[in-house]
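Asks: So here's my_file_4.pdb, just PDB, C-alpha atoms:
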ATOM      1  CA  MET A   1      52.982 257.300 -61.290
ATOM      2  CA  GLU A   2      56.509 257.170 -59.911
ATOM      3  CA  ILE A   3      57.482 259.279 -56.929
ATOM      4  CA  GLY A   4      61.068 258.649 -55.953
ATOM      5  CA  LYS A   5      61.300 254.888 -56.363
ATOM      6  CA  GLU A   6      57.698 254.189 -55.418
ATOM      7  CA  ARG A   7      55.021 253.531 -57.963
ATOM      8  CA  ILE A   8      51.623 254.910 -57.013
ATOM      9  CA  GLU A   9      48.529 253.965 -58.947
ATOM     10  CA  VAL A  10      45.660 256.405 -59.010
ATOM     11  CA  SER A  11      42.300 254.708 -59.198
ATOM     12  CA  GLY A  12      38.697 255.726 -59.091
ATOM     13  CA  PRO A  13      35.670 255.835 -61.295
ATOM     14  CA  GLU A  14      35.933 257.224 -64.787
ATOM     15  CA  ILE A  15      34.645 260.781 -64.960
ATOM     16  CA  MET A  16      31.944 261.379 -67.538
ATOM     17  CA  LEU A  17      31.242 264.974 -68.589
ATOM     18  CA  LYS A  18      28.369 266.265 -70.683
ATOM     19  CA  PRO A  19      29.078 269.430 -72.682
ATOM     20  CA  ILE A  20      26.976 272.457 -71.724
ATOM     21  CA  GLY A  21      27.423 274.166 -75.074
ATOM     22  CA  THR A  22      29.468 274.625 -78.205
ATOM     23  CA  ILE A  23      31.824 277.281 -79.537
ATOM     24  CA  GLU A  24      31.359 278.834 -82.961
ATOM     25  CA  CYS A  25      34.119 280.938 -84.518
ATOM     26  CA  ASP A  26      36.126 281.377 -87.701
ATOM     27  CA  ARG A  27      39.176 279.501 -86.359
ATOM     28  CA  LYS A  28      38.995 275.946 -87.702
ATOM     29  CA  GLU A  29      42.459 274.772 -86.658
ATOM     30  CA  ALA A  30      44.364 275.155 -83.386
ATOM     31  CA  VAL A  31      47.119 277.468 -84.590
ATOM     32  CA  ASP A  32      49.309 278.579 -81.697
ATOM     33  CA  ASP A  33      49.247 282.381 -81.979
ATOM     34  CA  PHE A  34      47.154 285.500 -82.638
ATOM     35  CA  TRP A  35      44.074 284.656 -80.557
ATOM     36  CA  GLY A  36      43.699 288.211 -79.199
ATOM     37  CA  GLU A  37      41.061 289.455 -81.611
ATOM     38  CA  THR A  38      39.314 286.137 -82.195
ATOM     39  CA  LYS A  39      35.612 286.595 -81.585
ATOM     40  CA  SER A  40      33.618 283.517 -80.670
ATOM     41  CA  THR A  41      30.052 282.699 -79.810
ATOM     42  CA  ILE A  42      29.282 280.192 -77.098
ATOM     43  CA  TYR A  43      25.882 278.585 -77.599
ATOM     44  CA  LEU A  44      24.595 276.999 -74.406
ATOM     45  CA  ASP A  45      22.470 273.865 -74.815
ATOM     46  CA  SER A  46      18.798 274.892 -74.730
ATOM     47  CA  LYS A  47      17.815 271.300 -73.857
ATOM     48  CA  GLN A  48      19.708 271.635 -70.568
ATOM     49  CA  PHE A  49      19.362 275.333 -69.738
ATOM     50  CA  THR A  50      17.086 278.331 -69.800
ATOM     51  CA  PRO A  51      18.457 281.892 -70.014
ATOM     52  CA  ASP A  52      18.239 282.338 -66.236
ATOM     53  CA  CYS A  53      21.331 280.096 -65.891
ATOM     54  CA  ILE A  54      23.479 283.084 -66.910
ATOM     55  CA  LEU A  55      21.504 285.765 -65.092
ATOM     56  CA  GLY A  56      24.012 288.351 -63.817
ATOM     57  CA  LEU A  57      26.895 287.041 -65.936
ATOM     58  CA  ASP A  58      26.854 290.231 -68.004
ATOM     59  CA  ASP A  59      27.980 292.143 -64.880
ATOM     60  CA  PHE A  60      31.438 290.565 -65.381
ATOM     61  CA  SER A  61      34.007 291.729 -67.935
ATOM     62  CA  HIS A  62      35.647 288.297 -68.317
ATOM     63  CA  ILE A  63      34.725 284.639 -68.012
ATOM     64  CA  GLU A  64      36.678 281.427 -67.615
ATOM     65  CA  VAL A  65      35.758 278.760 -70.132
ATOM     66  CA  VAL A  66      36.559 275.081 -69.615
ATOM     67  CA  TYR A  67      36.467 273.102 -72.837
ATOM     68  CA  GLN A  68      37.657 269.909 -74.490
ATOM     69  CA  PHE A  69      40.298 269.723 -77.212
ATOM     70  CA  HIS A  70      37.913 267.596 -79.267
ATOM     71  CA  LYS A  71      40.157 267.262 -82.328
ATOM     72  CA  VAL A  72      43.040 265.722 -80.365
ATOM     73  CA  ALA A  73      42.929 261.969 -80.902
ATOM     74  CA  PRO A  74      43.421 259.863 -77.767
ATOM     75  CA  SER A  75      46.465 258.337 -79.480
ATOM     76  CA  ASP A  76      48.065 261.816 -79.659
ATOM     77  CA  VAL A  77      47.833 262.453 -75.917
ATOM     78  CA  VAL A  78      51.200 263.158 -74.250
ATOM     79  CA  LEU A  79      51.914 261.656 -70.824
ATOM     80  CA  THR A  80      55.584 262.524 -70.451
ATOM     81  CA  ALA A  81      57.964 265.412 -71.115
ATOM     82  CA  GLY A  82      58.925 267.190 -74.306
ATOM     83  CA  HIS A  83      60.029 270.487 -75.752
ATOM     84  CA  PRO A  84      57.176 273.055 -75.947
ATOM     85  CA  ARG A  85      56.117 273.498 -79.586
ATOM     86  CA  GLU A  86      58.833 270.921 -80.389
ATOM     87  CA  ARG A  87      61.480 273.640 -80.130
ATOM     88  CA  ASN A  88      64.765 272.163 -78.973
ATOM     89  CA  ASP A  89      66.012 275.615 -77.897
ATOM     90  CA  TRP A  90      63.401 275.531 -75.105
ATOM     91  CA  PRO A  91      63.859 273.108 -72.206
ATOM     92  CA  ARG A  92      62.263 269.699 -72.059
ATOM     93  CA  VAL A  93      59.399 269.941 -69.549
ATOM     94  CA  GLY A  94      56.612 267.656 -68.395
ATOM     95  CA  ILE A  95      53.102 267.814 -69.803
ATOM     96  CA  PHE A  96      51.896 269.461 -66.568
ATOM     97  CA  ALA A  97      54.539 272.216 -66.889
ATOM     98  CA  GLN A  98      53.071 273.422 -70.191
ATOM     99  CA  ARG A  99      49.640 274.161 -71.662
ATOM    100  CA  LYS A 100      49.839 271.838 -74.679
ATOM    101  CA  LYS A 101      46.514 270.706 -76.183
ATOM    102  CA  ASN A 102      47.590 267.049 -76.209
ATOM    103  CA  ARG A 103      46.942 266.747 -72.457
ATOM    104  CA  PRO A 104      45.911 263.537 -70.676
ATOM    105  CA  ASN A 105      42.243 264.577 -70.433
ATOM    106  CA  ARG A 106      42.327 266.965 -73.425
ATOM    107  CA  MET A 107      40.902 269.812 -71.310
ATOM    108  CA  GLY A 108      41.499 273.504 -71.929
ATOM    109  CA  VAL A 109      40.875 276.478 -69.646
ATOM    110  CA  SER A 110      40.870 280.044 -70.912
ATOM    111  CA  VAL A 111      39.990 283.487 -69.593
ATOM    112  CA  CYS A 112      38.335 285.645 -72.240
ATOM    113  CA  ARG A 113      36.535 288.962 -72.532
ATOM    114  CA  LEU A 114      32.733 288.757 -72.341
ATOM    115  CA  LEU A 115      31.316 291.117 -74.963
ATOM    116  CA  LYS A 116      27.611 290.317 -74.991
ATOM    117  CA  VAL A 117      24.978 288.061 -73.439
ATOM    118  CA  GLU A 118      21.816 287.315 -75.419
ATOM    119  CA  GLY A 119      19.611 284.541 -74.130
ATOM    120  CA  LEU A 120      21.780 281.423 -74.197
ATOM    121  CA  LYS A 121      24.334 283.001 -76.539
ATOM    122  CA  LEU A 122      27.582 284.513 -75.207
ATOM    123  CA  THR A 123      29.834 286.571 -77.462
ATOM    124  CA  VAL A 124      33.463 286.589 -76.311
ATOM    125  CA  GLU A 125      36.878 287.747 -77.513
ATOM    126  CA  GLY A 126      40.265 286.125 -76.990
ATOM    127  CA  LEU A 127      39.003 282.574 -76.413
ATOM    128  CA  ASP A 128      41.634 280.166 -77.728
ATOM    129  CA  ALA A 129      39.276 277.404 -78.816
ATOM    130  CA  ILE A 130      38.347 276.402 -82.349
ATOM    131  CA  ASP A 131      34.990 276.123 -84.078
ATOM    132  CA  GLY A 132      32.882 273.221 -82.803
ATOM    133  CA  THR A 133      34.681 272.936 -79.463
ATOM    134  CA  PRO A 134      32.524 271.427 -76.699
ATOM    135  CA  VAL A 135      32.202 273.674 -73.638
ATOM    136  CA  ILE A 136      32.382 271.856 -70.292
ATOM    137  CA  ASP A 137      31.861 274.783 -67.903
ATOM    138  CA  ILE A 138      31.767 278.567 -67.669
ATOM    139  CA  LYS A 139      32.629 280.642 -64.610
ATOM    140  CA  PRO A 140      32.770 284.385 -64.051
ATOM    141  CA  TYR A 141      36.348 285.617 -63.705
ATOM    142  CA  MET A 142      36.884 287.143 -60.273
ATOM    143  CA  LYS A 143      40.131 288.925 -59.436
ATOM    144  CA  GLU A 144      40.113 287.335 -55.979
ATOM    145  CA  PHE A 145      40.888 283.973 -57.609
ATOM    146  CA  ALA A 146      44.055 285.401 -59.173
ATOM    147  CA  PRO A 147      47.241 284.968 -57.123
ATOM    148  CA  MET A 148      47.652 287.560 -54.365
ATOM    149  CA  GLU A 149      51.442 287.462 -54.512
ATOM    150  CA  PRO A 150      53.699 288.058 -57.512
ATOM    151  CA  THR A 151      53.881 285.130 -59.911
ATOM    152  CA  LYS A 152      56.908 283.668 -61.650
ATOM    153  CA  GLN A 153      57.429 281.664 -64.794
ATOM    154  CA  PRO A 154      60.418 280.579 -66.851
ATOM    155  CA  GLU A 155      61.710 282.819 -69.647
ATOM    156  CA  TRP A 156      60.867 280.270 -72.367
ATOM    157  CA  SER A 157      57.159 280.428 -71.443
ATOM    158  CA  SER A 158      57.065 284.219 -71.833
ATOM    159  CA  GLU A 159      58.744 283.838 -75.226
ATOM    160  CA  LEU A 160      56.237 281.132 -76.193
ATOM    161  CA  MET A 161      53.294 283.360 -75.201
ATOM    162  CA  SER A 162      54.627 286.584 -76.762
ATOM    163  CA  ASN A 163      52.375 286.280 -79.847
ATOM    164  CA  TYR A 164      49.654 284.063 -78.395
ATOM    165  CA  PHE A 165      47.079 286.780 -77.723
ATOM    166  CA  LEU A 166      48.632 289.295 -80.112
ATOM    167  CA  VAL A 167      46.202 291.064 -82.397
ATOM    168  CA  GLY A 168      47.174 290.570 -86.026
ATOM    169  CA  SER A 169      47.544 287.783 -88.556
ATOM    170  CA  LYS A 170      45.985 284.391 -88.011
TER     171      LYS A 170
END
Before anything else, please render the file you have as structure tokens.
Replies:
Amino acid sequence: MEIGKERIEVSGPEIMLKPIGTIECDRKEAVDDFWGETKSTIYLDSKQFTPDCILGLDDFSHIEVVYQFHKVAPSDVVLTAGHPRERNDWPRVGIFAQRKKNRPNRMGVSVCRLLKVEGLKLTVEGLDAIDGTPVIDIKPYMKEFAPMEPTKQPEWSSELMSNYFLVGSK
């Protein structure tokens, strides 16, 4: 990694993650928009967990889901900058300044509405992950983790997200 004229190498052990569950839904491909009414079921791994692992989760309206973009080939991972959605009318920005699926570790994070909890099965709405996606972690969404001060973002990102969670065509 270059900072100024220095080159810094980050080292450490490789991180191995074991999925805790899998997502089932009718979305088979990662199309960019209209995730708002997508209903998904998260099946937690019964070999790892018993239903008490989610005791109290149904007291929350939303959850954060950490998952892997499992259909992104390692050769498709982006390490540099580019135009979001390959649109040249939007600025060229680095991979860490956008939420592209072709990320270095192919990890996604999404906040979605929790509709129902049944045993090790969670029914959610608005989760932007496709059928078969491995789930890495689930956390209850707590408003205290949201920024306390006003947030800002560039205009292009609001334009990009304008249809993302829109209810309508898929």
Asks: I'd like the residues picked by the PyMOL selection byres ((chain A and resi 138-141) around 12) written out as a PyMOL selection string, using the chain letters and numbers from the file.
Replies: chain A and resi 19-23+42-44+53-67+108-114+122+124+134-137+142-146
Asks: What does the structure give for the distance between CA of Val10 in chain A and CA of Arg106 in chain A, in Å to one decimal?
Replies: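 For CA of Val10 in chain A relative to CA of Arg106 in chain A, the distance reads 18.2 Å.
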Asks: What is the distance, in Å and to one decimal place, between CA of Arg27 in chain A and CA of Ile130 in chain A?
Replies: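 According to the coordinates, CA of Arg27 in chain A and CA of Ile130 in chain A are separated by 5.1 Å.
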Asks: Quick one: residues within 12 Å of Cys25 in chain A, all atoms listed in the file, excluding same-chain residues fewer than 3 positions away - as a PyMOL selection string?
Replies: chain A and resi 22+28-30+35+37-43+122-133
Asks: Using all atoms listed in the file, which protein or nucleic acid residues come within 6 Å of range 89-105 of chain A? Drop anything in the same chain fewer than 2 positions from it, and give the result as a list in words.
Replies: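 So, after excluding close chain neighbours, the residues are Val77, Val78, Thr80, Ala81, Gly82, His83, Arg87 and Met107 of chain A.
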Asks: In Å, how far is it from CA of Pro74 in chain A to CA of Leu160 in chain A?
Replies: 24.9 Å
Asks: Taking every listed atom of range 135-151 of chain A and adding 8 Å to each side, what centre and edge lengths in Å (one decimal) does the axis-aligned box have, as AutoDock Vina command-line options?
Replies:
--center_x 42.8 --center_y 280.4 --center_z -64.0 --size_x 38.1 --size_y 33.1 --size_z 35.3
